[in-house]
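final32.txt (compact mmCIF, C-alpha atoms and all ligand atoms)
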# COMPACT_ATOMS: atom_id res chain seq x y z
CA MET A 135 -6.21 13.27 -12.24
CA THR A 136 -2.89 15.04 -12.71
CA TRP A 137 0.66 13.82 -12.50
CA HIS A 138 0.76 15.07 -8.90
CA ASP A 139 -1.76 12.40 -7.97
CA ALA A 140 0.67 9.66 -9.03
CA ALA A 141 3.67 11.12 -7.22
CA ALA A 142 5.60 8.65 -5.09
CA CYS A 143 6.21 11.44 -2.57
CA LEU A 144 2.55 12.12 -1.81
CA ASP A 145 2.84 10.62 1.66
CA GLU A 146 6.37 11.83 2.36
CA ASP A 147 7.30 14.83 4.46
CA PRO A 148 7.84 17.64 1.92
CA GLU A 149 10.83 18.82 3.95
CA LEU A 150 12.66 15.69 2.82
CA PHE A 151 12.87 17.19 -0.67
CA PHE A 152 14.25 20.51 0.49
CA PRO A 153 17.62 19.88 2.13
CA GLY A 154 19.24 22.86 3.80
CA GLY A 155 22.00 23.20 1.22
CA ASP A 156 24.68 21.45 -0.77
CA SER A 157 26.81 20.56 2.25
CA PRO A 158 27.79 16.89 2.60
CA ARG A 159 25.91 16.89 5.90
CA TYR A 160 22.69 16.83 3.86
CA ALA A 161 23.83 13.91 1.70
CA PRO A 162 21.76 11.31 3.61
CA GLN A 163 18.64 13.44 3.21
CA VAL A 164 19.31 13.96 -0.49
CA ALA A 165 19.91 10.24 -0.96
CA ALA A 166 16.65 9.41 0.81
CA ALA A 167 14.71 11.84 -1.36
CA LEU A 168 16.31 10.56 -4.56
CA GLU A 169 15.42 7.02 -3.51
CA VAL A 170 11.76 8.04 -3.40
CA CYS A 171 12.08 9.70 -6.81
CA ALA A 172 13.69 6.56 -8.23
CA ALA A 173 10.46 4.69 -7.52
CA CYS A 174 8.23 7.43 -8.91
CA ALA A 175 6.22 6.99 -12.10
CA VAL A 176 6.05 10.70 -12.90
CA THR A 177 9.65 11.85 -12.74
CA VAL A 178 9.56 13.28 -16.27
CA ASP A 179 6.43 15.32 -15.55
CA CYS A 180 7.85 16.48 -12.24
CA LEU A 181 11.16 17.53 -13.77
CA ARG A 182 9.42 19.32 -16.63
CA TYR A 183 7.24 21.20 -14.14
CA ALA A 184 10.28 22.26 -12.13
CA LEU A 185 12.14 23.47 -15.21
CA ASP A 186 9.09 25.24 -16.67
CA HIS A 187 8.36 26.99 -13.38
CA GLY A 188 11.89 27.97 -12.45
CA GLN A 189 12.04 25.80 -9.36
CA ASN A 190 15.59 26.52 -8.23
CA GLU A 191 15.30 24.90 -4.83
CA GLY A 192 14.71 21.36 -3.72
CA ILE A 193 14.62 17.97 -5.40
CA TRP A 194 12.26 17.58 -8.33
CA GLY A 195 12.09 14.83 -10.91
CA GLY A 196 14.94 12.91 -9.36
CA MET A 197 17.32 15.83 -9.69
CA THR A 198 18.81 18.17 -7.12
CA ALA A 199 18.84 21.93 -7.63
CA VAL A 200 22.48 21.66 -8.72
CA ASP A 201 21.63 18.87 -11.17
CA ARG A 202 18.91 21.04 -12.72
CA ALA A 203 21.21 24.06 -12.95
CA VAL A 204 23.71 21.94 -14.87
CA LEU A 205 20.92 20.62 -17.11
CA ARG A 206 19.70 24.17 -17.83
CA ARG A 207 23.22 25.34 -18.71
CA ARG A 208 23.79 22.37 -21.00
CA SER A 209 20.42 22.91 -22.66
CA ALA A 210 21.17 26.60 -23.17
CA ARG A 211 24.52 25.77 -24.78
CA ALA A 212 22.85 23.21 -27.03
CA GLN A 213 20.39 25.80 -28.38
CA PRO A 214 21.36 27.05 -31.82
CA ALA A 215 22.35 30.70 -31.92
CA THR A 216 19.58 32.91 -33.24
CA ALA A 217 20.22 35.41 -35.93
CA SER A 218 19.79 38.97 -34.80
CA GLY A 219 18.97 41.80 -36.77
S1 LIG B 301 9.93 12.70 -9.06
FE1 LIG B 301 10.35 12.83 -6.86
S2 LIG B 301 9.73 14.90 -6.24
FE2 LIG B 301 8.82 14.48 -8.25
S3 LIG B 301 6.76 13.69 -7.85
FE3 LIG B 301 8.11 11.94 -8.02
S4 LIG B 301 8.81 11.46 -5.95
FE4 LIG B 301 7.94 13.54 -5.92

Once more with this new file: its structure as structure tokens, please.
Ligand code: SF4
Amino acid sequence: MTWHDAAACLDEDPELFFPGGDSPRYAPQVAAALEVCAACAVTVDCLRYALDHGQNEGIWGGMTAVDRAVLRRRSARAQPATASG
């Protein structure tokens, strides 16, 4: 059994999690998807998968694509600078 098997979205239409863009017209769809994620037991696994696999589209782990882009930028800024040689 993997985390996918415990996903709250297993029986949902996958299209729900891939709104057509960031336009406010998709806000109800995004809200509906995030509501499913809010009841999901594997949000951390799902989000980690999306980040590890460069999923730049859709809603994963209770975060929109924009949310994840912000998270990636913040994480990159939080990384200590590496010494170069
Ligand atoms: S966090 Fe959301 S997209 Fe990820 S498995 Fe759960 S319900 Fe599906």

Exercise for review: Using CA of Arg208 (chain A) and CA of Leu168 (chain A) as the two end points, give the distance in Å to one decimal.
Suggested key: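 Taking CA of Arg208 (chain A) as the start and CA of Leu168 (chain A) as the end point, the length is 21.6 Å.
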
Review point. Which of these, A:Arg159, A:Arg182, A:His187, A:Arg206, has the shortest distance to ligand LIG 301 (chain B) once you count all atoms listed in the file?
Key: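 So, comparing all the options, the nearest one is A:Arg182.
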
Centre, x/y/z edge lengths, axis-aligned box for ligand LIG 301 (chain B) with 8 Å per side, as AutoDock Vina command-line options:
--center_x 8.6 --center_y 13.2 --center_z -7.5 --size_x 19.6 --size_y 19.4 --size_z 19.1

Exercise for review: Find, counting only C-alpha atoms, the residue in A:Gly196, A:Leu185, A:Gln213, A:Asp179 that gets nearest to Ala167 (chain A).
Suggested key: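 Residue with the minimum atom-to-atom distance to Ala167 (chain A): A:Gly196.
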
Exercise for review: Could you give me the residues within 8 Å of ligand LIG 301 (chain B), counting all atoms listed in the file, as an MDAnalysis selection string?
Suggested key: chainID A and resid 137:138 140:144 151 167:168 170:181 193:196

Point to revise | Separation of CA of Gln163 (chain A) from CA of Leu150 (chain A), in Å and rounded to one decimal | key: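 Distance reported for this atom pair: 6.4 Å.
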
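Nearest to Glu191 (chain A) of all the residues A:Pro162, A:Glu169, A:Pro153, A:Ala212 is A:Pro153, counting only C-alpha atoms.
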
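Across the model, the gap from CA of Ser157 (chain A) to CA of Gly192 (chain A) is 13.5 Å.
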
Point to revise | Residue among A:Pro158, A:Arg211, A:Phe152, A:Ala166 lying closest to Ala199 (chain A), counting only C-alpha atoms | key: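 Checking each of A:Pro158, A:Arg211, A:Phe152, A:Ala166 against Ala199 (chain A), counting only C-alpha atoms, the winner is A:Phe152.
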